[in-house]
Amino acid sequence: MVDPVGRHEWYIRTVISLPEMEAHARKPLCVGGRSCTSTDQVFGWQVECSCRQWRGKLWQRTNRPLDHNVPERILYSADGELSPASRQVVLADWDGHVHRIWTVMPVRLAHEMLLEAQLRLAEAVRFARSTDASWDDIGSAAGGIAGPTARQLWDGVASPQPQISQ
Ligand SMILES: [Zn+2]
């Protein structure tokens, strides 16, 4: 579950080896004559979120400038580092995650208010019952529901707490 009010900070993960999910479909492109050195072993990049509930799709690296192809998610990098322009391209994935967080934010806030109101209502009913208010009166105050229905709704949560004498 995404926590819309939690912390969401991006970071770019450098992919060194083939992710298992991609292994069947993709091969490393660093095959151009030289043997792979440490920087050549950079296979690609992914944006990830600190919430650990979202990860962008893989951007694959090529060490051949002509293979640079943004629609195919292939980015040129000679040394395994992202150029500023490529970095912007990778970070555009992050916008989708942020958009998703913000579109559900009103639902999250409304739901929190609902839970809070339910707690307050239960507290109020508990207080009313502790002063011997009838279920009929409580139901009437709670939008005009019948006493037995009110009792059914709140008898468990709103029974007067036993008094503890000290
Ligand atoms: Zn997140």
# chains A, B, ... in the order shown; residues from 1 in each chain; ligands from 1

call {"tool": "residues_around", "arguments": {"residues": "Ala78 in chain A", "least_positions_apart": "5", "cutoff": "8 Å", "atoms": "only C-alpha atoms", "output": "mmCIF file with N, CA and C atoms, in the first residue's frame"}}
result
data_model
loop_
_atom_site.group_PDB
_atom_site.id
_atom_site.type_symbol
_atom_site.label_atom_id
_atom_site.label_comp_id
_atom_site.auth_asym_id
_atom_site.auth_seq_id
_atom_site.Cartn_x
_atom_site.Cartn_y
_atom_site.Cartn_z
ATOM 1 N N THR A 62 23.802 1.673 -23.143
ATOM 2 C CA THR A 62 24.630 1.264 -24.268
ATOM 3 C C THR A 62 25.918 2.079 -24.242
ATOM 4 N N ASN A 63 26.996 1.482 -24.669
ATOM 5 C CA ASN A 63 28.242 2.254 -24.782
ATOM 6 C C ASN A 63 28.506 2.680 -26.230
ATOM 7 N N ARG A 64 27.476 2.544 -27.066
ATOM 8 C CA ARG A 64 27.585 2.991 -28.459
ATOM 9 C C ARG A 64 26.627 4.161 -28.672
#

call {"tool": "residues_near_ligand", "arguments": {"ligand": "ligand 1", "cutoff": "12 Å", "atoms": "only C-alpha atoms and all ligand atoms", "output": "PyMOL selection string"}}
result
chain A and resi 1-11+47-56+93-102

call {"tool": "write_last_selection", "arguments": {"atoms": "N, CA and C atoms", "output": "PDB file, in the first residue's frame"}}
result
ATOM      1  N   MET A   1       0.855  -1.191   0.000  1.00  0.00           N
ATOM      2  CA  MET A   1       0.000   0.000   0.000  1.00  0.00           C
ATOM      3  C   MET A   1       0.894   1.245   0.000  1.00  0.00           C
ATOM      4  N   VAL A   2       0.591   2.143  -0.865  1.00  0.00           N
ATOM      5  CA  VAL A   2       1.355   3.394  -0.903  1.00  0.00           C
ATOM      6  C   VAL A   2       0.857   4.302   0.220  1.00  0.00           C
ATOM      7  N   ASP A   3       1.786   4.883   0.925  1.00  0.00           N
ATOM      8  CA  ASP A   3       1.426   5.812   1.997  1.00  0.00           C
ATOM      9  C   ASP A   3       1.594   7.228   1.460  1.00  0.00           C
ATOM     10  N   PRO A   4       0.488   7.879   1.057  1.00  0.00           N
ATOM     11  CA  PRO A   4       0.615   9.167   0.378  1.00  0.00           C
ATOM     12  C   PRO A   4       1.208  10.252   1.249  1.00  0.00           C
ATOM     13  N   VAL A   5       1.079  10.148   2.561  1.00  0.00           N
ATOM     14  CA  VAL A   5       1.650  11.198   3.386  1.00  0.00           C
ATOM     15  C   VAL A   5       2.984  10.769   3.990  1.00  0.00           C
ATOM     16  N   GLY A   6       3.429   9.609   3.614  1.00  0.00           N
ATOM     17  CA  GLY A   6       4.734   9.159   4.098  1.00  0.00           C
ATOM     18  C   GLY A   6       5.849   9.796   3.299  1.00  0.00           C
ATOM     19  N   ARG A   7       7.045   9.319   3.513  1.00  0.00           N
ATOM     20  CA  ARG A   7       8.191   9.901   2.829  1.00  0.00           C
ATOM     21  C   ARG A   7       8.371   9.264   1.461  1.00  0.00           C
ATOM     22  N   HIS A   8       8.494  10.106   0.467  1.00  0.00           N
ATOM     23  CA  HIS A   8       8.743   9.629  -0.894  1.00  0.00           C
ATOM     24  C   HIS A   8       9.921  10.404  -1.460  1.00  0.00           C
ATOM     25  N   GLU A   9      11.065   9.770  -1.465  1.00  0.00           N
ATOM     26  CA  GLU A   9      12.248  10.412  -2.021  1.00  0.00           C
ATOM     27  C   GLU A   9      12.838   9.501  -3.074  1.00  0.00           C
ATOM     28  N   TRP A  10      13.186  10.098  -4.187  1.00  0.00           N
ATOM     29  CA  TRP A  10      13.708   9.279  -5.275  1.00  0.00           C
ATOM     30  C   TRP A  10      15.198   9.059  -5.132  1.00  0.00           C
ATOM     31  N   TYR A  11      15.630   7.975  -5.693  1.00  0.00           N
ATOM     32  CA  TYR A  11      17.055   7.789  -5.917  1.00  0.00           C
ATOM     33  C   TYR A  11      17.218   6.933  -7.159  1.00  0.00           C
ATOM     34  N   VAL A  47      14.833   4.370 -11.408  1.00  0.00           N
ATOM     35  CA  VAL A  47      14.460   5.258 -10.305  1.00  0.00           C
ATOM     36  C   VAL A  47      13.700   4.422  -9.291  1.00  0.00           C
ATOM     37  N   GLU A  48      14.020   4.616  -8.040  1.00  0.00           N
ATOM     38  CA  GLU A  48      13.267   3.937  -6.993  1.00  0.00           C
ATOM     39  C   GLU A  48      12.823   4.960  -5.958  1.00  0.00           C
ATOM     40  N   CYS A  49      11.816   4.561  -5.182  1.00  0.00           N
ATOM     41  CA  CYS A  49      11.294   5.465  -4.152  1.00  0.00           C
ATOM     42  C   CYS A  49      11.672   4.941  -2.780  1.00  0.00           C
ATOM     43  N   SER A  50      11.925   5.874  -1.874  1.00  0.00           N
ATOM     44  CA  SER A  50      12.282   5.493  -0.508  1.00  0.00           C
ATOM     45  C   SER A  50      11.129   4.774   0.200  1.00  0.00           C
ATOM     46  N   CYS A  51       9.908   4.894  -0.337  1.00  0.00           N
ATOM     47  CA  CYS A  51       8.777   4.174   0.270  1.00  0.00           C
ATOM     48  C   CYS A  51       8.862   2.679   0.003  1.00  0.00           C
ATOM     49  N   ARG A  52       9.761   2.265  -0.886  1.00  0.00           N
ATOM     50  CA  ARG A  52       9.991   0.861  -1.233  1.00  0.00           C
ATOM     51  C   ARG A  52       8.774   0.187  -1.855  1.00  0.00           C
ATOM     52  N   GLN A  53       7.829   0.996  -2.324  1.00  0.00           N
ATOM     53  CA  GLN A  53       6.627   0.429  -2.934  1.00  0.00           C
ATOM     54  C   GLN A  53       6.543   0.768  -4.401  1.00  0.00           C
ATOM     55  N   TRP A  54       7.567   1.381  -4.913  1.00  0.00           N
ATOM     56  CA  TRP A  54       7.547   1.750  -6.314  1.00  0.00           C
ATOM     57  C   TRP A  54       8.966   1.714  -6.870  1.00  0.00           C
ATOM     58  N   ARG A  55       9.058   1.246  -8.109  1.00  0.00           N
ATOM     59  CA  ARG A  55      10.330   1.231  -8.823  1.00  0.00           C
ATOM     60  C   ARG A  55      10.014   1.460 -10.296  1.00  0.00           C
ATOM     61  N   GLY A  56      10.734   2.392 -10.902  1.00  0.00           N
ATOM     62  CA  GLY A  56      10.539   2.646 -12.326  1.00  0.00           C
ATOM     63  C   GLY A  56      11.066   1.499 -13.168  1.00  0.00           C
ATOM     64  N   ASP A  93      10.369   9.245 -15.017  1.00  0.00           N
ATOM     65  CA  ASP A  93       9.574   8.121 -14.487  1.00  0.00           C
ATOM     66  C   ASP A  93       8.994   8.450 -13.121  1.00  0.00           C
ATOM     67  N   TRP A  94       9.781   9.192 -12.360  1.00  0.00           N
ATOM     68  CA  TRP A  94       9.384   9.544 -10.993  1.00  0.00           C
ATOM     69  C   TRP A  94       8.089  10.346 -10.966  1.00  0.00           C
ATOM     70  N   ASP A  95       7.892  11.189 -11.991  1.00  0.00           N
ATOM     71  CA  ASP A  95       6.687  12.016 -12.053  1.00  0.00           C
ATOM     72  C   ASP A  95       5.414  11.172 -11.977  1.00  0.00           C
ATOM     73  N   GLY A  96       5.473   9.996 -12.613  1.00  0.00           N
ATOM     74  CA  GLY A  96       4.290   9.123 -12.599  1.00  0.00           C
ATOM     75  C   GLY A  96       3.959   8.662 -11.192  1.00  0.00           C
ATOM     76  N   HIS A  97       4.982   8.322 -10.432  1.00  0.00           N
ATOM     77  CA  HIS A  97       4.766   7.874  -9.052  1.00  0.00           C
ATOM     78  C   HIS A  97       4.210   9.014  -8.202  1.00  0.00           C
ATOM     79  N   VAL A  98       4.802  10.195  -8.350  1.00  0.00           N
ATOM     80  CA  VAL A  98       4.352  11.342  -7.574  1.00  0.00           C
ATOM     81  C   VAL A  98       2.904  11.695  -7.927  1.00  0.00           C
ATOM     82  N   HIS A  99       2.602  11.624  -9.220  1.00  0.00           N
ATOM     83  CA  HIS A  99       1.235  11.911  -9.659  1.00  0.00           C
ATOM     84  C   HIS A  99       0.247  10.958  -8.978  1.00  0.00           C
ATOM     85  N   ARG A 100       0.624   9.679  -8.920  1.00  0.00           N
ATOM     86  CA  ARG A 100      -0.248   8.680  -8.316  1.00  0.00           C
ATOM     87  C   ARG A 100      -0.441   8.966  -6.827  1.00  0.00           C
ATOM     88  N   ILE A 101       0.623   9.390  -6.169  1.00  0.00           N
ATOM     89  CA  ILE A 101       0.515   9.714  -4.744  1.00  0.00           C
ATOM     90  C   ILE A 101      -0.483  10.847  -4.539  1.00  0.00           C
ATOM     91  N   TRP A 102      -0.347  11.891  -5.392  1.00  0.00           N
ATOM     92  CA  TRP A 102      -1.177  13.078  -5.164  1.00  0.00           C
ATOM     93  C   TRP A 102      -2.615  12.872  -5.576  1.00  0.00           C
TER      94      TRP A 102
END

call {"tool": "select_by_dssp", "arguments": {"residues": "range 16-162 of chain A", "states": "alpha helix (DSSP H)", "output": "MDAnalysis selection string"}}
result
chainID A and resid 84:130 135:141 147:154

call {"tool": "closest_residue", "arguments": {"among": "A:Leu58, A:Ala146, A:Leu115, A:Ala122", "to": "Leu91 in chain A", "atoms": "only C-alpha atoms"}}
result
A:Leu58

call {"tool": "residues_around", "arguments": {"residues": "Trp154 in chain A", "least_positions_apart": "6", "cutoff": "12 Å", "atoms": "only C-alpha atoms", "output": "PDB file with C-alpha atoms, in the first residue's frame"}}
result
ATOM      1  CA  GLN A 118     -16.082   7.219  14.016  1.00  0.00           C
ATOM      2  CA  LEU A 119     -13.835   7.279  17.075  1.00  0.00           C
ATOM      3  CA  LEU A 121     -18.846   9.182  17.736  1.00  0.00           C
ATOM      4  CA  ALA A 122     -18.069   6.060  19.757  1.00  0.00           C
ATOM      5  CA  GLU A 123     -16.606   8.252  22.523  1.00  0.00           C
ATOM      6  CA  ALA A 124     -19.709  10.446  22.506  1.00  0.00           C
ATOM      7  CA  VAL A 125     -22.031   7.438  22.674  1.00  0.00           C
ATOM      8  CA  ARG A 126     -19.938   5.962  25.496  1.00  0.00           C
ATOM      9  CA  PHE A 127     -20.259   9.236  27.382  1.00  0.00           C
ATOM     10  CA  ALA A 128     -24.021   9.395  26.766  1.00  0.00           C
ATOM     11  CA  ARG A 129     -24.472   5.817  27.965  1.00  0.00           C
ATOM     12  CA  TRP A 135     -30.540   3.978  23.087  1.00  0.00           C
ATOM     13  CA  ILE A 138     -28.821   8.263  21.241  1.00  0.00           C
ATOM     14  CA  GLY A 139     -30.235   6.895  17.977  1.00  0.00           C
ATOM     15  CA  ALA A 142     -27.306  10.124  15.598  1.00  0.00           C
ATOM     16  CA  GLY A 147     -32.887   2.697  19.391  1.00  0.00           C
ATOM     17  CA  PRO A 148     -32.333  -1.024  18.766  1.00  0.00           C
ATOM     18  CA  PRO A 160     -19.803   2.450  29.979  1.00  0.00           C
TER      19      PRO A 160
END

call {"tool": "select_by_dssp", "arguments": {"residues": "range 3-160 of chain A", "states": "strand (DSSP E)", "output": "number ranges by chain"}}
result
A: 10-15, 44-49, 59-62, 74-76

call {"tool": "write_last_selection", "arguments": {"atoms": "C-alpha atoms", "output": "tab-separated table (two decimals), in the first residue's frame"}}
result
chain	number	residue	atom	x	y	z
A	10	TRP	CA	13.71	9.28	-5.28
A	11	TYR	CA	17.06	7.79	-5.92
A	12	ILE	CA	18.60	6.32	-9.03
A	13	ARG	CA	19.77	2.76	-8.66
A	14	THR	CA	22.59	1.63	-10.91
A	15	VAL	CA	21.87	-1.86	-12.22
A	44	GLY	CA	21.37	0.34	-16.64
A	45	TRP	CA	19.47	2.46	-14.19
A	46	GLN	CA	16.14	2.58	-12.38
A	47	VAL	CA	14.46	5.26	-10.30
A	48	GLU	CA	13.27	3.94	-6.99
A	49	CYS	CA	11.29	5.46	-4.15
A	59	TRP	CA	16.72	2.06	-18.47
A	60	GLN	CA	19.29	0.04	-20.32
A	61	ARG	CA	22.77	1.35	-20.98
A	62	THR	CA	24.63	1.26	-24.27
A	74	ILE	CA	18.29	2.72	-24.06
A	75	LEU	CA	20.69	5.45	-22.92
A	76	TYR	CA	24.24	6.05	-24.06

call {"tool": "closest_residue", "arguments": {"among": "A:Glu72, A:Asp67, A:Asp79, A:Asp155", "to": "Ser130 in chain A", "atoms": "only C-alpha atoms"}}
result
A:Asp155

call {"tool": "decode", "arguments": {"residues": "range 99-115 of chain A", "atoms": "all heavy atoms", "output": "PDB file, in the first residue's frame"}}
result
ATOM      1  N   HIS A  99       2.602  11.624  -9.220  1.00  0.00           N
ATOM      2  CA  HIS A  99       1.235  11.911  -9.659  1.00  0.00           C
ATOM      3  C   HIS A  99       0.247  10.958  -8.978  1.00  0.00           C
ATOM      4  O   HIS A  99      -0.806  11.367  -8.499  1.00  0.00           O
ATOM      5  CB  HIS A  99       1.152  11.770 -11.177  1.00  0.00           C
ATOM      6  CG  HIS A  99      -0.217  12.003 -11.730  1.00  0.00           C
ATOM      7  ND1 HIS A  99      -0.779  13.254 -11.814  1.00  0.00           N
ATOM      8  CD2 HIS A  99      -1.148  11.141 -12.196  1.00  0.00           C
ATOM      9  CE1 HIS A  99      -1.991  13.151 -12.322  1.00  0.00           C
ATOM     10  NE2 HIS A  99      -2.240  11.881 -12.557  1.00  0.00           N
ATOM     11  N   ARG A 100       0.624   9.679  -8.920  1.00  0.00           N
ATOM     12  CA  ARG A 100      -0.248   8.680  -8.316  1.00  0.00           C
ATOM     13  C   ARG A 100      -0.441   8.966  -6.827  1.00  0.00           C
ATOM     14  O   ARG A 100      -1.532   8.802  -6.284  1.00  0.00           O
ATOM     15  CB  ARG A 100       0.381   7.300  -8.529  1.00  0.00           C
ATOM     16  CG  ARG A 100      -0.511   6.161  -8.140  1.00  0.00           C
ATOM     17  CD  ARG A 100       0.100   4.829  -8.546  1.00  0.00           C
ATOM     18  NE  ARG A 100      -0.224   3.831  -7.567  1.00  0.00           N
ATOM     19  CZ  ARG A 100       0.662   3.027  -6.993  1.00  0.00           C
ATOM     20  NH1 ARG A 100       1.920   3.109  -7.317  1.00  0.00           N
ATOM     21  NH2 ARG A 100       0.274   2.147  -6.114  1.00  0.00           N
ATOM     22  N   ILE A 101       0.623   9.390  -6.169  1.00  0.00           N
ATOM     23  CA  ILE A 101       0.515   9.714  -4.744  1.00  0.00           C
ATOM     24  C   ILE A 101      -0.483  10.847  -4.539  1.00  0.00           C
ATOM     25  O   ILE A 101      -1.359  10.790  -3.682  1.00  0.00           O
ATOM     26  CB  ILE A 101       1.892  10.143  -4.189  1.00  0.00           C
ATOM     27  CG1 ILE A 101       2.855   8.973  -4.217  1.00  0.00           C
ATOM     28  CG2 ILE A 101       1.748  10.695  -2.781  1.00  0.00           C
ATOM     29  CD1 ILE A 101       4.307   9.406  -4.067  1.00  0.00           C
ATOM     30  N   TRP A 102      -0.347  11.891  -5.392  1.00  0.00           N
ATOM     31  CA  TRP A 102      -1.177  13.078  -5.164  1.00  0.00           C
ATOM     32  C   TRP A 102      -2.615  12.872  -5.576  1.00  0.00           C
ATOM     33  O   TRP A 102      -3.511  13.465  -4.975  1.00  0.00           O
ATOM     34  CB  TRP A 102      -0.565  14.282  -5.879  1.00  0.00           C
ATOM     35  CG  TRP A 102       0.612  14.763  -5.108  1.00  0.00           C
ATOM     36  CD1 TRP A 102       1.936  14.562  -5.401  1.00  0.00           C
ATOM     37  CD2 TRP A 102       0.600  15.474  -3.857  1.00  0.00           C
ATOM     38  NE1 TRP A 102       2.730  15.102  -4.426  1.00  0.00           N
ATOM     39  CE2 TRP A 102       1.950  15.667  -3.475  1.00  0.00           C
ATOM     40  CE3 TRP A 102      -0.412  15.954  -3.044  1.00  0.00           C
ATOM     41  CZ2 TRP A 102       2.295  16.328  -2.298  1.00  0.00           C
ATOM     42  CZ3 TRP A 102      -0.065  16.614  -1.877  1.00  0.00           C
ATOM     43  CH2 TRP A 102       1.271  16.804  -1.520  1.00  0.00           C
ATOM     44  N   THR A 103      -2.886  12.021  -6.552  1.00  0.00           N
ATOM     45  CA  THR A 103      -4.279  11.816  -6.942  1.00  0.00           C
ATOM     46  C   THR A 103      -5.057  11.076  -5.872  1.00  0.00           C
ATOM     47  O   THR A 103      -6.266  11.264  -5.749  1.00  0.00           O
ATOM     48  CB  THR A 103      -4.396  11.043  -8.281  1.00  0.00           C
ATOM     49  OG1 THR A 103      -3.617   9.852  -8.198  1.00  0.00           O
ATOM     50  CG2 THR A 103      -3.939  11.891  -9.449  1.00  0.00           C
ATOM     51  N   VAL A 104      -4.391  10.233  -5.068  1.00  0.00           N
ATOM     52  CA  VAL A 104      -5.125   9.519  -4.023  1.00  0.00           C
ATOM     53  C   VAL A 104      -5.059  10.239  -2.667  1.00  0.00           C
ATOM     54  O   VAL A 104      -5.681   9.804  -1.710  1.00  0.00           O
ATOM     55  CB  VAL A 104      -4.639   8.053  -3.847  1.00  0.00           C
ATOM     56  CG1 VAL A 104      -4.861   7.269  -5.127  1.00  0.00           C
ATOM     57  CG2 VAL A 104      -3.201   7.996  -3.398  1.00  0.00           C
ATOM     58  N   MET A 105      -4.336  11.353  -2.623  1.00  0.00           N
ATOM     59  CA  MET A 105      -4.211  12.088  -1.363  1.00  0.00           C
ATOM     60  C   MET A 105      -5.565  12.486  -0.763  1.00  0.00           C
ATOM     61  O   MET A 105      -5.784  12.285   0.443  1.00  0.00           O
ATOM     62  CB  MET A 105      -3.333  13.321  -1.559  1.00  0.00           C
ATOM     63  CG  MET A 105      -3.137  14.138  -0.312  1.00  0.00           C
ATOM     64  SD  MET A 105      -2.109  13.286   0.876  1.00  0.00           S
ATOM     65  CE  MET A 105      -0.500  13.856   0.347  1.00  0.00           C
ATOM     66  N   PRO A 106      -6.513  13.049  -1.557  1.00  0.00           N
ATOM     67  CA  PRO A 106      -7.809  13.413  -0.955  1.00  0.00           C
ATOM     68  C   PRO A 106      -8.549  12.212  -0.379  1.00  0.00           C
ATOM     69  O   PRO A 106      -9.233  12.320   0.647  1.00  0.00           O
ATOM     70  CB  PRO A 106      -8.593  14.018  -2.135  1.00  0.00           C
ATOM     71  CG  PRO A 106      -7.546  14.457  -3.095  1.00  0.00           C
ATOM     72  CD  PRO A 106      -6.424  13.455  -2.955  1.00  0.00           C
ATOM     73  N   VAL A 107      -8.417  11.049  -1.020  1.00  0.00           N
ATOM     74  CA  VAL A 107      -9.058   9.834  -0.497  1.00  0.00           C
ATOM     75  C   VAL A 107      -8.443   9.481   0.846  1.00  0.00           C
ATOM     76  O   VAL A 107      -9.148   9.169   1.820  1.00  0.00           O
ATOM     77  CB  VAL A 107      -8.891   8.653  -1.487  1.00  0.00           C
ATOM     78  CG1 VAL A 107      -9.480   7.378  -0.902  1.00  0.00           C
ATOM     79  CG2 VAL A 107      -9.530   8.989  -2.828  1.00  0.00           C
ATOM     80  N   ARG A 108      -7.126   9.553   0.909  1.00  0.00           N
ATOM     81  CA  ARG A 108      -6.433   9.232   2.143  1.00  0.00           C
ATOM     82  C   ARG A 108      -6.874  10.148   3.280  1.00  0.00           C
ATOM     83  O   ARG A 108      -7.194   9.696   4.385  1.00  0.00           O
ATOM     84  CB  ARG A 108      -4.914   9.342   1.897  1.00  0.00           C
ATOM     85  CG  ARG A 108      -4.045   9.315   3.126  1.00  0.00           C
ATOM     86  CD  ARG A 108      -4.194   7.977   3.860  1.00  0.00           C
ATOM     87  NE  ARG A 108      -3.346   7.925   5.030  1.00  0.00           N
ATOM     88  CZ  ARG A 108      -2.229   7.214   5.097  1.00  0.00           C
ATOM     89  NH1 ARG A 108      -1.849   6.517   4.056  1.00  0.00           N
ATOM     90  NH2 ARG A 108      -1.530   7.196   6.184  1.00  0.00           N
ATOM     91  N   LEU A 109      -6.912  11.455   2.988  1.00  0.00           N
ATOM     92  CA  LEU A 109      -7.274  12.408   4.033  1.00  0.00           C
ATOM     93  C   LEU A 109      -8.724  12.236   4.472  1.00  0.00           C
ATOM     94  O   LEU A 109      -9.035  12.274   5.663  1.00  0.00           O
ATOM     95  CB  LEU A 109      -7.022  13.835   3.540  1.00  0.00           C
ATOM     96  CG  LEU A 109      -5.545  14.165   3.300  1.00  0.00           C
ATOM     97  CD1 LEU A 109      -5.401  15.576   2.741  1.00  0.00           C
ATOM     98  CD2 LEU A 109      -4.730  14.015   4.569  1.00  0.00           C
ATOM     99  N   ALA A 110      -9.620  12.023   3.492  1.00  0.00           N
ATOM    100  CA  ALA A 110     -11.038  11.832   3.819  1.00  0.00           C
ATOM    101  C   ALA A 110     -11.223  10.573   4.658  1.00  0.00           C
ATOM    102  O   ALA A 110     -12.019  10.541   5.603  1.00  0.00           O
ATOM    103  CB  ALA A 110     -11.877  11.760   2.540  1.00  0.00           C
ATOM    104  N   HIS A 111     -10.476   9.519   4.306  1.00  0.00           N
ATOM    105  CA  HIS A 111     -10.579   8.277   5.068  1.00  0.00           C
ATOM    106  C   HIS A 111     -10.086   8.466   6.499  1.00  0.00           C
ATOM    107  O   HIS A 111     -10.703   7.961   7.448  1.00  0.00           O
ATOM    108  CB  HIS A 111      -9.784   7.175   4.358  1.00  0.00           C
ATOM    109  CG  HIS A 111      -9.895   5.838   5.030  1.00  0.00           C
ATOM    110  ND1 HIS A 111      -8.846   5.253   5.689  1.00  0.00           N
ATOM    111  CD2 HIS A 111     -10.948   4.997   5.158  1.00  0.00           C
ATOM    112  CE1 HIS A 111      -9.251   4.093   6.194  1.00  0.00           C
ATOM    113  NE2 HIS A 111     -10.516   3.906   5.882  1.00  0.00           N
ATOM    114  N   GLU A 112      -8.998   9.216   6.656  1.00  0.00           N
ATOM    115  CA  GLU A 112      -8.502   9.489   8.007  1.00  0.00           C
ATOM    116  C   GLU A 112      -9.529  10.269   8.829  1.00  0.00           C
ATOM    117  O   GLU A 112      -9.734  10.004  10.010  1.00  0.00           O
ATOM    118  CB  GLU A 112      -7.186  10.275   7.947  1.00  0.00           C
ATOM    119  CG  GLU A 112      -6.004   9.380   7.660  1.00  0.00           C
ATOM    120  CD  GLU A 112      -4.703  10.162   7.569  1.00  0.00           C
ATOM    121  OE1 GLU A 112      -4.726  11.394   7.720  1.00  0.00           O
ATOM    122  OE2 GLU A 112      -3.669   9.505   7.345  1.00  0.00           O
ATOM    123  N   MET A 113     -10.195  11.245   8.170  1.00  0.00           N
ATOM    124  CA  MET A 113     -11.219  12.025   8.866  1.00  0.00           C
ATOM    125  C   MET A 113     -12.397  11.143   9.265  1.00  0.00           C
ATOM    126  O   MET A 113     -12.985  11.307  10.338  1.00  0.00           O
ATOM    127  CB  MET A 113     -11.693  13.190   7.986  1.00  0.00           C
ATOM    128  CG  MET A 113     -10.650  14.290   7.864  1.00  0.00           C
ATOM    129  SD  MET A 113     -11.054  15.468   6.558  1.00  0.00           S
ATOM    130  CE  MET A 113     -12.389  16.369   7.343  1.00  0.00           C
ATOM    131  N   LEU A 114     -12.742  10.191   8.367  1.00  0.00           N
ATOM    132  CA  LEU A 114     -13.847   9.269   8.655  1.00  0.00           C
ATOM    133  C   LEU A 114     -13.530   8.423   9.887  1.00  0.00           C
ATOM    134  O   LEU A 114     -14.362   8.286  10.792  1.00  0.00           O
ATOM    135  CB  LEU A 114     -14.105   8.385   7.432  1.00  0.00           C
ATOM    136  CG  LEU A 114     -15.139   7.273   7.605  1.00  0.00           C
ATOM    137  CD1 LEU A 114     -16.525   7.862   7.826  1.00  0.00           C
ATOM    138  CD2 LEU A 114     -15.144   6.356   6.399  1.00  0.00           C
ATOM    139  N   LEU A 115     -12.322   7.864   9.939  1.00  0.00           N
ATOM    140  CA  LEU A 115     -11.933   7.035  11.086  1.00  0.00           C
ATOM    141  C   LEU A 115     -11.949   7.855  12.373  1.00  0.00           C
ATOM    142  O   LEU A 115     -12.402   7.389  13.424  1.00  0.00           O
ATOM    143  CB  LEU A 115     -10.545   6.434  10.855  1.00  0.00           C
ATOM    144  CG  LEU A 115     -10.427   5.426   9.719  1.00  0.00           C
ATOM    145  CD1 LEU A 115      -8.992   4.935   9.587  1.00  0.00           C
ATOM    146  CD2 LEU A 115     -11.377   4.252   9.911  1.00  0.00           C
TER     147      LEU A 115
END
